[in-house]
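> File my_file.txt follows (compact mmCIF, C-alpha atoms):
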```txt
# COMPACT_ATOMS: atom_id res chain seq x y z
CA MET A 146 0.00 0.00 0.00
CA LYS A 147 1.34 3.38 -1.02
CA PHE A 148 0.78 6.28 1.38
CA LYS A 149 0.16 9.84 0.28
CA ASN A 150 2.51 12.57 1.40
CA ILE A 151 1.44 14.65 4.40
CA ILE A 152 1.72 18.43 4.24
CA ILE A 153 1.12 20.25 7.52
CA LYS A 154 0.70 23.99 7.07
CA LYS A 155 1.49 26.68 9.62
CA LYS A 156 -2.21 27.43 10.02
CA ASP A 157 -2.74 23.75 10.98
CA GLY A 158 -0.11 24.14 13.70
CA ILE A 159 -1.83 27.29 14.99
CA LYS A 160 -5.16 25.44 15.11
CA PHE A 161 -3.58 22.53 17.01
CA ALA A 162 -1.94 24.96 19.45
CA LYS A 163 -5.32 26.49 20.27
CA GLN A 164 -6.98 23.11 20.73
CA SER A 165 -4.19 21.50 22.76
CA GLY A 166 -3.05 24.58 24.67
CA ASP A 167 0.56 24.00 23.53
CA LYS A 168 1.54 27.50 22.41
CA ASN A 169 5.28 26.86 22.59
CA LYS A 170 6.94 29.60 20.51
CA LEU A 171 9.22 27.05 18.84
CA HIS A 172 6.15 25.93 16.85
CA LEU A 173 4.50 29.29 16.29
CA ASP A 174 6.80 32.31 16.58
CA GLN A 175 8.80 33.10 13.45
CA PHE A 176 11.85 34.57 15.20
CA THR A 177 12.03 31.82 17.84
CA GLY A 178 12.05 29.24 15.05
CA TYR A 179 14.60 31.19 13.02
CA ASN A 180 16.96 31.41 15.98
CA SER A 181 16.63 27.71 16.82
CA GLN A 182 18.82 24.89 15.54
CA PHE A 183 16.09 24.13 12.98
CA GLY A 184 16.14 27.56 11.34
CA GLU A 185 12.34 27.81 11.33
CA ASN A 186 9.24 26.67 13.20
CA ILE A 187 8.73 22.92 13.60
CA ILE A 188 5.57 20.81 13.82
CA HIS A 189 4.30 19.67 17.23
CA GLY A 190 5.45 16.06 17.70
CA SER A 191 2.08 14.92 19.05
CA TYR A 192 0.26 16.58 16.16
CA LEU A 193 2.45 14.79 13.62
CA LEU A 194 1.51 11.43 15.16
CA ILE A 195 -2.18 12.36 15.25
CA LYS A 196 -2.06 13.45 11.61
CA PHE A 197 -0.26 10.25 10.60
CA LEU A 198 -2.83 8.02 12.34
CA MET A 199 -5.73 9.98 10.82
CA ASN A 200 -4.30 9.86 7.29
CA SER A 201 -3.23 6.20 7.41
CA LYS A 202 -6.53 5.12 9.03
CA ILE A 203 -4.66 2.71 11.33
CA LYS A 204 -6.87 1.72 14.26
CA ASP A 205 -6.03 -1.93 14.92
CA PHE A 206 -3.04 -1.75 17.26
CA ASN A 207 -1.97 -2.45 20.83
CA SER A 208 1.17 -0.33 20.79
CA ILE A 209 2.76 2.56 18.93
CA LYS A 210 6.34 3.80 19.11
CA ILE A 211 7.58 6.96 17.41
CA ASN A 212 11.19 8.19 17.42
CA PHE A 213 11.97 11.75 16.33
CA LEU A 214 15.42 12.19 14.75
CA ASN A 215 14.96 15.82 13.74
CA GLY A 216 12.29 18.49 13.66
CA LEU A 217 9.74 18.42 10.84
CA LEU A 218 8.91 21.71 9.13
CA TYR A 219 5.64 23.26 8.06
CA ASN A 220 4.63 23.47 4.40
CA TYR A 221 7.08 20.80 3.12
CA PRO A 222 5.83 17.35 2.00
CA ILE A 223 6.41 14.54 4.50
CA LYS A 224 7.01 11.27 2.64
CA ILE A 225 5.77 8.06 4.26
CA LYS A 226 7.40 4.76 3.38
CA LYS A 227 6.58 1.37 4.89
CA ILE A 228 9.95 -0.30 5.48
CA LYS A 229 8.83 -3.44 7.32
CA THR A 230 5.60 -5.37 7.61
CA ASN A 231 4.47 -8.70 9.08
CA LYS A 232 1.48 -10.07 10.95
CA ASN A 233 2.23 -8.09 14.08
CA ASN A 234 4.28 -5.07 13.04
CA ASN A 235 4.27 -2.25 10.54
CA ILE A 236 7.25 0.12 10.58
CA PHE A 237 7.12 3.43 8.72
CA ARG A 238 9.85 5.90 7.85
CA LEU A 239 8.93 9.57 7.56
CA SER A 240 11.26 11.82 5.60
CA GLN A 241 11.28 15.46 4.54
CA ASN A 242 13.62 17.20 2.10
CA ASN A 243 15.38 13.84 1.53
CA GLU A 244 16.20 13.53 5.24
CA HIS A 245 14.96 10.72 7.49
CA LYS A 246 13.10 12.60 10.24
CA CYS A 247 11.28 9.97 12.30
CA SER A 248 10.19 6.31 12.50
CA ILE A 249 6.82 4.93 13.59
CA ASP A 250 6.29 1.33 14.72
CA ILE A 251 2.64 0.16 14.84
CA SER A 252 2.23 -3.23 16.52
CA LYS A 253 -0.50 -5.64 17.60
CA LYS A 254 1.77 -6.60 20.49
CA LYS A 255 2.32 -4.51 23.56
CA ILE A 256 5.71 -2.89 24.20
CA ASP A 257 7.51 -4.98 26.81
CA ASN A 258 10.27 -2.53 27.67
CA ILE A 259 8.07 0.52 28.24
CA PHE A 260 9.65 2.40 31.14
CA LYS A 261 7.95 3.21 34.43
CA ILE A 262 8.94 6.12 36.64
CA GLU A 263 9.88 5.12 40.16
CA LYS A 264 10.93 8.47 41.57
CA LYS A 265 9.05 11.48 40.23
CA THR A 266 10.43 15.02 40.05
CA PHE A 267 7.22 16.57 38.72
CA TYR A 268 3.54 15.60 38.56
CA LYS A 269 0.46 17.10 36.91
CA LYS A 270 -3.18 16.04 36.82
CA PHE A 271 -5.85 17.29 34.37
CA PHE A 272 -9.55 16.75 35.08
CA ILE A 273 -11.51 15.77 31.96
CA ASN A 274 -15.23 16.56 31.77
CA LYS A 275 -17.79 15.90 29.04
CA ARG A 276 -17.18 19.25 27.34
CA ILE A 277 -13.44 18.57 27.04
CA ARG A 278 -14.00 15.01 25.78
CA LYS A 279 -16.32 16.35 23.09
CA LEU A 280 -13.57 18.64 21.75
CA PHE A 281 -11.45 15.60 20.85
CA ASP A 282 -14.22 13.44 19.38
CA ASN A 283 -12.97 12.61 15.88
CA LYS A 284 -14.11 9.60 13.85
CA ARG A 285 -10.70 9.28 12.18
CA ILE A 286 -8.80 8.58 15.42
CA ASP A 287 -9.52 7.06 18.83
CA LYS A 288 -10.86 10.00 20.86
CA GLU A 289 -9.09 8.91 24.06
CA LEU A 290 -5.74 8.66 22.26
CA ASN A 291 -6.39 12.00 20.56
CA LEU A 292 -7.11 13.63 23.92
CA SER A 293 -4.06 12.01 25.54
CA LEU A 294 -1.68 13.25 22.84
CA ASN A 295 -3.11 16.78 22.98
CA PHE A 296 -2.60 17.00 26.74
CA LEU A 297 0.84 15.41 26.38
CA SER A 298 1.78 18.22 23.99
CA LYS A 299 0.46 20.90 26.34
CA TYR A 300 2.33 19.40 29.27
CA VAL A 301 5.68 19.23 27.46
CA GLY A 302 5.52 22.60 25.70
CA MET A 303 3.95 24.75 28.40
CA ILE A 304 4.33 23.06 31.79
CA TYR A 305 7.32 20.73 32.11
CA PRO A 306 10.03 21.08 30.85
CA GLY A 307 8.28 23.96 29.06
CA GLU A 308 9.23 26.16 26.11
CA HIS A 309 12.83 24.94 25.85
CA SER A 310 11.85 21.30 25.32
CA LEU A 311 11.39 18.76 22.56
CA ILE A 312 9.73 15.34 22.42
CA SER A 313 12.25 12.73 21.29
CA GLU A 314 10.22 9.51 21.70
CA ILE A 315 6.65 8.39 22.45
CA GLN A 316 5.66 4.82 23.37
CA ILE A 317 1.96 3.96 23.63
CA ASN A 318 0.42 0.81 25.11
CA ARG A 319 -3.27 0.04 25.09
CA ASN A 320 -4.19 -1.24 28.57
CA ASP A 321 -7.22 -1.56 30.82
CA LEU A 322 -6.27 1.11 33.30
CA SER A 323 -8.89 3.33 34.85
CA ASN A 324 -12.27 4.86 34.15
CA LYS A 325 -11.44 7.98 36.13
CA ASN A 326 -11.82 11.22 34.22
CA GLU A 327 -8.25 12.33 34.78
CA VAL A 328 -5.09 12.60 32.71
CA LYS A 329 -2.16 11.94 35.03
CA ILE A 330 1.44 12.70 33.99
CA TYR A 331 4.56 11.90 36.01
CA SER A 332 8.09 13.09 35.16
CA SER A 333 11.56 12.15 36.28
CA LYS A 334 14.78 14.02 35.50
CA PRO A 335 17.53 11.55 36.43
CA SER A 336 20.45 13.98 36.31
CA SER A 337 20.96 17.73 36.28
CA ARG A 338 23.92 17.20 33.91
CA HIS A 339 21.89 15.54 31.15
CA PRO A 340 19.01 17.26 29.34
CA ILE A 341 16.72 14.20 29.38
CA VAL A 342 13.35 13.83 31.12
CA TYR A 343 11.36 10.58 31.33
CA ASN A 344 7.57 10.79 31.55
CA ASN A 345 4.49 8.57 32.05
CA LEU A 346 0.95 9.53 31.05
CA TYR A 347 -2.16 7.60 32.07
CA TYR A 348 -5.67 8.12 30.75
CA LYS A 349 -8.49 5.61 30.35
CA LYS A 350 -7.12 2.67 28.35
CA PHE A 351 -3.81 4.26 27.36
CA ASP A 352 -0.46 3.97 29.09
CA ILE A 353 2.01 6.34 27.41
CA SER A 354 5.72 6.75 28.13
CA PHE A 355 7.60 9.56 26.45
CA THR A 356 11.05 11.12 26.55
CA THR A 357 11.68 14.85 26.37
CA LEU A 358 14.89 16.77 25.78
CA ILE A 359 15.59 20.13 27.35
CA ARG A 360 17.04 22.68 24.93
CA PRO A 361 19.33 24.88 27.04
CA LYS A 362 18.94 28.61 26.59
CA LEU A 363 21.72 29.99 24.45
CA ILE A 364 24.17 31.82 26.68
CA ILE A 365 25.58 34.96 25.08
CA LYS A 366 28.78 35.63 27.01
CA ASN A 367 29.81 39.12 28.02
CA ASN A 368 32.64 40.71 26.09
CA LYS A 369 35.33 41.94 28.48
CA ASN A 370 38.53 43.87 27.83
CA ILE A 371 37.65 44.93 24.30
CA SER A 372 39.05 48.46 24.51
CA HIS A 373 41.74 47.66 21.92
CA LEU A 374 39.01 46.43 19.54
CA LEU A 375 37.16 49.70 19.97
CA ARG A 376 40.40 51.55 19.20
CA SER A 377 40.64 49.54 15.98
CA THR A 378 37.16 50.59 14.92
CA ASN A 379 37.87 54.24 15.82
CA LYS A 380 40.84 54.26 13.44
CA ILE A 381 38.41 53.64 10.59
CA ASN A 382 37.12 57.14 9.85
CA LYS A 383 35.20 56.42 6.66
CA ASN A 384 31.72 55.00 6.22
CA ILE A 385 30.97 51.31 6.92
CA LEU A 386 28.23 49.12 5.44
CA ILE A 387 27.14 46.01 7.35
CA ILE A 388 24.81 43.83 5.28
CA GLY A 389 22.81 41.68 7.70
CA ALA A 390 23.44 43.58 10.94
CA SER A 391 20.36 42.58 12.92
CA ARG A 392 21.64 39.29 14.34
CA GLY A 393 24.65 37.02 14.66
CA ILE A 394 28.13 38.26 13.78
CA GLY A 395 26.73 41.28 11.91
CA SER A 396 25.04 42.46 15.10
CA GLU A 397 28.24 41.99 17.13
CA LEU A 398 30.25 44.07 14.65
CA PHE A 399 27.60 46.78 14.71
CA ASN A 400 27.97 46.96 18.50
CA LEU A 401 31.70 47.64 18.02
CA PHE A 402 31.22 50.36 15.40
CA LYS A 403 28.07 52.08 16.66
CA ASP A 404 29.74 54.52 19.09
CA ASN A 405 32.11 55.96 16.49
CA ASN A 406 30.68 59.34 15.53
CA ASN A 407 33.32 60.10 12.88
CA LYS A 408 31.62 58.10 10.15
CA LYS A 409 28.26 56.82 8.99
CA ILE A 410 27.41 53.20 9.80
CA ILE A 411 24.84 51.83 7.38
CA CYS A 412 23.14 48.64 8.55
CA THR A 413 20.73 46.48 6.59
CA TYR A 414 18.23 44.01 7.95
CA ASN A 415 15.40 41.93 6.53
CA LYS A 416 13.23 40.42 9.29
CA ASN A 417 14.63 41.31 12.69
CA LYS A 418 14.36 45.10 12.94
CA ILE A 419 17.10 47.04 14.77
CA SER A 420 17.36 50.62 16.01
CA TYR A 421 19.92 52.91 17.61
CA PRO A 422 19.32 56.57 18.56
CA LYS A 423 22.19 58.27 16.74
CA LYS A 424 22.12 60.28 13.54
CA ASN A 425 25.26 58.73 12.10
CA VAL A 426 23.68 55.22 12.21
CA ILE A 427 21.45 54.52 9.23
CA PHE A 428 19.14 51.50 9.00
CA LYS A 429 17.79 50.09 5.75
CA LYS A 430 15.26 47.26 5.48
CA ILE A 431 16.43 45.26 2.46
CA ASN A 432 15.72 41.79 1.17
CA ILE A 433 18.90 41.21 -0.83
CA GLU A 434 17.30 38.44 -2.89
CA LYS A 435 14.80 40.94 -4.31
CA ASP A 436 16.33 44.38 -3.67
CA LEU A 437 20.01 44.06 -4.54
CA ASN A 438 19.82 47.36 -6.42
CA LYS A 439 19.20 49.07 -3.06
CA ILE A 440 22.59 47.79 -1.88
CA PHE A 441 24.17 49.19 -5.06
CA SER A 442 22.49 52.54 -4.39
CA ILE A 443 23.89 52.61 -0.82
CA ILE A 444 27.39 51.91 -2.14
CA GLU A 445 27.17 54.73 -4.68
CA THR A 446 25.59 57.20 -2.23
CA TYR A 447 27.68 56.65 0.92
CA LYS A 448 30.95 55.34 -0.60
CA PRO A 449 31.65 52.93 2.31
CA LEU A 450 35.27 52.05 2.90
CA ILE A 451 34.42 48.51 4.05
CA ILE A 452 31.42 46.33 3.29
CA TYR A 453 30.79 43.45 5.71
CA TYR A 454 28.66 40.67 4.21
CA PHE A 455 26.56 38.72 6.75
CA PRO A 456 23.16 37.82 5.26
CA THR A 457 22.45 34.21 6.23
CA PRO A 458 19.82 31.86 4.82
CA LYS A 459 18.48 28.88 6.76
CA ILE A 460 21.38 26.44 7.05
CA ASN A 461 21.01 22.69 7.39
CA LEU A 462 24.32 20.84 7.34
CA ARG A 463 22.55 17.48 7.29
CA ASN A 464 20.35 18.19 4.30
CA ASN A 465 21.92 17.92 0.83
CA SER A 466 18.75 18.54 -1.16
CA SER A 467 18.79 20.58 -4.39
CA LYS A 468 16.54 23.14 -2.67
CA TYR A 469 19.20 24.03 -0.11
CA LEU A 470 21.96 23.93 -2.75
CA LYS A 471 20.11 26.54 -4.82
CA ILE A 472 19.69 28.82 -1.77
CA TYR A 473 23.37 28.52 -0.78
CA LYS A 474 24.55 29.36 -4.29
CA LYS A 475 22.39 32.48 -4.35
CA PHE A 476 23.52 33.79 -0.94
CA TYR A 477 27.16 32.76 -0.99
CA ILE A 478 28.14 33.04 -4.68
CA THR A 479 25.71 34.92 -6.93
CA ILE A 480 24.82 37.86 -4.67
CA PRO A 481 28.26 38.54 -3.08
CA ILE A 482 30.06 38.40 -6.43
CA LYS A 483 27.65 40.98 -7.86
CA ILE A 484 28.34 43.19 -4.84
CA ILE A 485 32.11 42.66 -5.20
CA LYS A 486 32.00 43.83 -8.80
CA LYS A 487 30.20 46.97 -7.63
CA CYS A 488 32.83 47.40 -4.92
CA ILE A 489 35.62 47.31 -7.49
CA LEU A 490 34.01 50.18 -9.38
CA ASN A 491 33.62 52.21 -6.17
CA LYS A 492 36.97 51.21 -4.58
CA CYS A 493 35.46 49.58 -1.47
CA PHE A 494 36.94 46.77 0.62
CA PHE A 495 34.82 43.62 1.00
CA PHE A 496 34.73 41.25 3.98
CA TYR A 497 33.52 37.73 3.16
CA PRO A 498 32.88 35.23 6.01
CA SER A 499 33.64 31.65 5.07
CA SER A 500 33.81 28.57 7.31
CA ILE A 501 36.50 26.25 8.67
CA PHE A 502 34.11 23.43 7.81
CA VAL A 503 35.07 23.88 4.13
CA ASP A 504 37.89 21.37 4.68
CA LYS A 505 36.18 19.29 7.37
CA LEU A 506 32.83 18.59 5.67
CA GLN A 507 33.74 18.23 2.03
CA ASN A 508 30.65 16.24 0.98
CA ASN A 509 28.17 18.80 2.23
CA ASN A 510 26.28 21.24 -0.03
CA TYR A 511 26.89 24.18 2.30
CA THR A 512 30.66 23.72 2.52
CA GLN A 513 31.02 22.87 -1.17
CA VAL A 514 29.32 26.13 -2.09
CA LYS A 515 31.52 28.05 0.37
CA LYS A 516 34.65 26.50 -1.18
CA LYS A 517 33.47 27.34 -4.70
CA ALA A 518 32.78 30.89 -3.56
CA GLU A 519 36.30 31.22 -2.16
CA GLU A 520 37.79 30.05 -5.48
CA MET A 521 35.66 32.43 -7.55
CA ILE A 522 36.27 35.42 -5.28
CA TYR A 523 40.03 34.91 -5.27
CA LYS A 524 39.98 34.89 -9.08
CA ILE A 525 38.44 38.35 -9.33
CA ARG A 526 40.83 40.00 -6.88
CA ASN A 527 43.19 42.56 -8.36
CA SER A 528 45.90 44.94 -7.20
CA LYS A 529 43.49 47.84 -6.85
CA PHE A 530 40.98 46.02 -4.69
CA PHE A 531 41.19 43.88 -1.59
CA ILE A 532 38.88 41.17 -0.29
CA ASN A 533 39.37 39.53 3.07
CA ILE A 534 38.03 35.99 3.17
CA LEU A 535 37.94 34.79 6.77
CA ARG A 536 37.21 31.17 7.66
CA ILE A 537 35.21 31.44 10.87
CA PRO A 538 34.92 28.54 13.32
CA GLU A 539 31.67 27.68 15.09
CA VAL A 540 30.77 30.52 17.43
CA ASN A 541 27.99 31.40 19.86
CA THR A 542 25.42 33.70 18.25
CA MET A 543 21.64 34.01 18.28
CA GLN A 544 21.71 31.94 15.07
CA ASN A 545 23.93 29.21 16.48
CA LEU A 546 23.08 25.84 14.99
CA SER A 547 24.65 23.96 17.91
CA VAL A 548 22.53 25.26 20.77
CA LEU A 549 23.55 22.38 23.03
CA ASN A 550 27.14 23.68 23.17
CA ASN A 551 27.30 26.68 25.47
CA ASP A 552 31.10 26.68 25.72
CA LEU A 553 31.72 28.20 22.30
CA PRO A 554 33.20 31.71 22.16
CA ASN A 555 31.26 34.49 20.48
CA PHE A 556 32.74 36.35 17.52
CA ILE A 557 34.04 39.29 19.56
CA GLN A 558 35.85 36.96 21.97
CA LEU A 559 37.38 35.19 18.98
CA ILE A 560 38.88 38.30 17.39
CA ASN A 561 39.82 39.58 20.85
CA LYS A 562 42.14 36.60 21.32
CA ASP A 563 43.38 36.05 17.76
CA ILE A 564 45.43 38.91 16.29
CA LYS A 565 45.28 37.47 12.75
CA PHE A 566 41.49 37.39 12.90
CA LYS A 567 41.38 40.94 14.20
CA ASN A 568 43.67 42.22 11.45
CA LYS A 569 41.50 40.61 8.77
CA VAL A 570 38.24 41.88 10.26
CA PHE A 571 39.53 45.47 10.38
CA PHE A 572 41.70 45.36 7.21
CA LYS A 573 44.76 46.45 9.19
CA ASP A 574 47.14 45.90 6.26
CA LEU A 575 45.26 48.49 4.21
CA ILE A 576 43.89 51.09 6.60
```
Please express what this file holds, its structure, as C-alpha cells.

Amino acid sequence: MKFKNIIIKKKDGIKFAKQSGDKNKLHLDQFTGYNSQFGENIIHGSYLLIKFLMNSKIKDFNSIKINFLNGLLYNYPIKIKKIKTNKNNNIFRLSQNNEHKCSIDISKKKIDNIFKIEKKTFYKKFFINKRIRKLFDNKRIDKELNLSLNFLSKYVGMIYPGEHSLISEIQINRNDLSNKNEVKIYSSKPSSRHPIVYNNLYYKKFDISFTTLIRPKLIIKNNKNISHLLRSTNKINKNILIIGASRGIGSELFNLFKDNNNKKIICTYNKNKISYPKKNVIFKKINIEKDLNKIFSIIETYKPLIIYYFPTPKINLRNNSSKYLKIYKKFYITIPIKIIKKCILNKCFFFYPSSIFVDKLQNNNYTQVKKKAEEMIYKIRNSKFFINILRIPEVNTMQNLSVLNNDLPNFIQLINKDIKFKNKVFFKDLI
C-alpha cells in the first residue's frame, strides 16, 4: 500500500496549538524558530503522530512507538514509506527534504520494555469533563488517544520542561487502566547534567511513556577587555556598510562600530528590525534576494570604505537537497560576487565570512558552495581592490546551529584573542 505525502501547514499548527493549549513559541513564533537549531518553526510532535494516524486510518493496534530524529517543518511534503511489515508489526519511515526525520512502529503486540517512573520530580493532573471530551471526538482517530496526545503536547511545551523542550520519543500501550476522568502525567529528571526527562501519562485505556529533551537557553557571554578592539574601529574614519546587521556576527560588529561618531554606519536588515538613537547610524530594510539594487544605491551614495557581508539563509548541514543547494549558491556566490563587482568600481573593501568546515565537511552542499565561492572570489581579486576571506569557526550567536554547546566563544571573543582574525576583520594591512 502506497501512502500519500502529508503536508502540515502553519495554520494547521496554529489550530492545534489552540486546541491542545501547547503554544510553545518554537512551533508558532517566526523569530524563535529562526533562531533555533532548525532555522524555522517545527511541527508539534504529538500533532504529527495524530495526523499520521488519521491519514493512514490505522486503528487496529496495541502499541505505537515513534522516534523523532529531527524536527519536521511546516509546508514541506512529509514522505511516508513502509519499510517493514508482518502479521504483528508495521514500521514506517517519515522523511522530509530527503532527510529521514522519524520512524513509527505500529504493533499488535504490547511494548515490553516501556519504562515506568519510580521516583518522580514533577507531577500534573488534568480533570476531563464531558465538554473537554467532546472537543477531541474525531471519527478518524480514537478520541481517548487524541485527547491524551493533545494533553501530552500541552504538558511538554507549556508546563514541564516547558518552552525549551522537545519530544524525542513516544511509546503507547493500550491497557485496561482506569475509568477515572483524569489525565495523570509523572516526570523524572535523572540527572541535572543531562538534558533528558522521562515521563508517564495515564488516561483511560492508554499507558504512554515519552522522553523529552531540554534545549538549554543559548548563553551569550559578556565581552570583556575589548578596549583595543574599539580603538581599531575608531581608526576607521570612513563609512561602513554592514549587510545583515540585525543578528549574529553582523550584530556583534555593529555593536563595536556604533559609538564611532566620525563616520556613517549603514546597517541592513530583513526580518529582525534594529534601532539605535544616533544620527550617524542609518538602518535600511532590504531583502537582498529581491532588492540588490538598493545595496548598489547605498554603495554609490555613501561610498563605504568597508562592506561586511553577513546575510544568512536557513542552514542545514545534514540536508543535501537541491533546494538548499540553490539557496546557498544564491547567498554565498551569486549575490556577493555581484556586490564585489560593484565594490571594485567604487573602490570599497569587501569582507567575506567563510567557514572552517570547508575542509572538514567536504561532501556537504553548504561547505562545497563556500569553497566554490572562495575560489571564484580569489579569481576576481586585483591589485586595486582587496577582499578579506575569513574562515570562521563555530561561534555562539543568536543563530547558532549547535545550541547544546554553550562553551563556544562568540565572535568578539574570537577576534579579541586572535590577532590574525582581528587584522583581517579590520583590514589592518590596508587602513
> For A:Ile443, find every residue with an atom within 10 Å (counting only C-alpha atoms), except residues of its own chain fewer than 4 positions away, and show them as a list in words.
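Contacts, in chain order: Leu386, Ile411, Lys429, Asn438, Lys439, Tyr447, Lys448 and Pro449 of chain A.
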> For a test of reading the model, state the distance in Å between atom CA of A:Glu520 and atom CA of A:Lys435, rounded to one decimal.
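Result for atom CA of A:Glu520 versus atom CA of A:Lys435: 25.5 Å, one decimal.
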> Residues at most 12 Å from A:Met303, counting all atoms listed in the file, excluding those fewer than 2 positions away in the same chain, as a list in words?
Ala162, Ser165, Gly166, Asp167, Lys168, Asn169, Lys170, Leu171, His172, Lys269, Asn295, Phe296, Leu297, Ser298, Lys299, Tyr300, Val301, Tyr305, Pro306, Gly307, Glu308, His309, Ser310 and Leu311 of chain A
> Excluding A:Phe399 and its own-chain neighbours fewer than 3 positions away, which residues fall within 9 Å of it when counting all atoms listed in the file? Please give them as an MDAnalysis selection string.
chainID A and resid 387 390:391 394:396 402:403 410 412
> Give me the residues within 8 Å of A:Phe197 as an MDAnalysis selection string, counting all atoms listed in the file and dropping any in the same chain fewer than 4 places off.
chainID A and resid 151 193 201
> Could you tell me which of A:Ile388, A:Ile236, A:Cys493, A:Val328 comes closest to A:Ile433 if we count only C-alpha atoms?
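So, comparing all the options, the nearest one is A:Ile388.
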> Go through A:Val342, A:Phe531, A:Glu263, A:Asn407 and flag the residue nearest A:Asn425, using only C-alpha atoms for the distances.
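Using only C-alpha atoms, A:Asn425 sits closest to A:Asn407.
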> Nearest to A:Met199 among A:Asn384, A:Ser442, A:Asn533, A:Asn283, with distances taken over only C-alpha atoms: which residue is it?
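Of the candidates, the smallest distance to A:Met199 is held by A:Asn283.
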> Can you tell me how far atom CA of A:Lys264 sits from atom CA of A:Asn326, in Å to one decimal?
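Value for the atom CA of A:Lys264-atom CA of A:Asn326 distance: 24.1 Å.
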> Could you list, as a PyMOL selection string, every residue within 10 Å of A:Thr266, counting all atoms listed in the file and ignoring same-chain residues fewer than 2 positions away?
chain A and resi 262-264+268+331-335+342-344
> Restricting the calculation to all atoms listed in the file, which member of A:Gly158, A:Pro456, A:Pro222, A:Pro422 is positioned closest to A:Leu173?
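With all atoms listed in the file as the atom set, the closest residue is A:Gly158.
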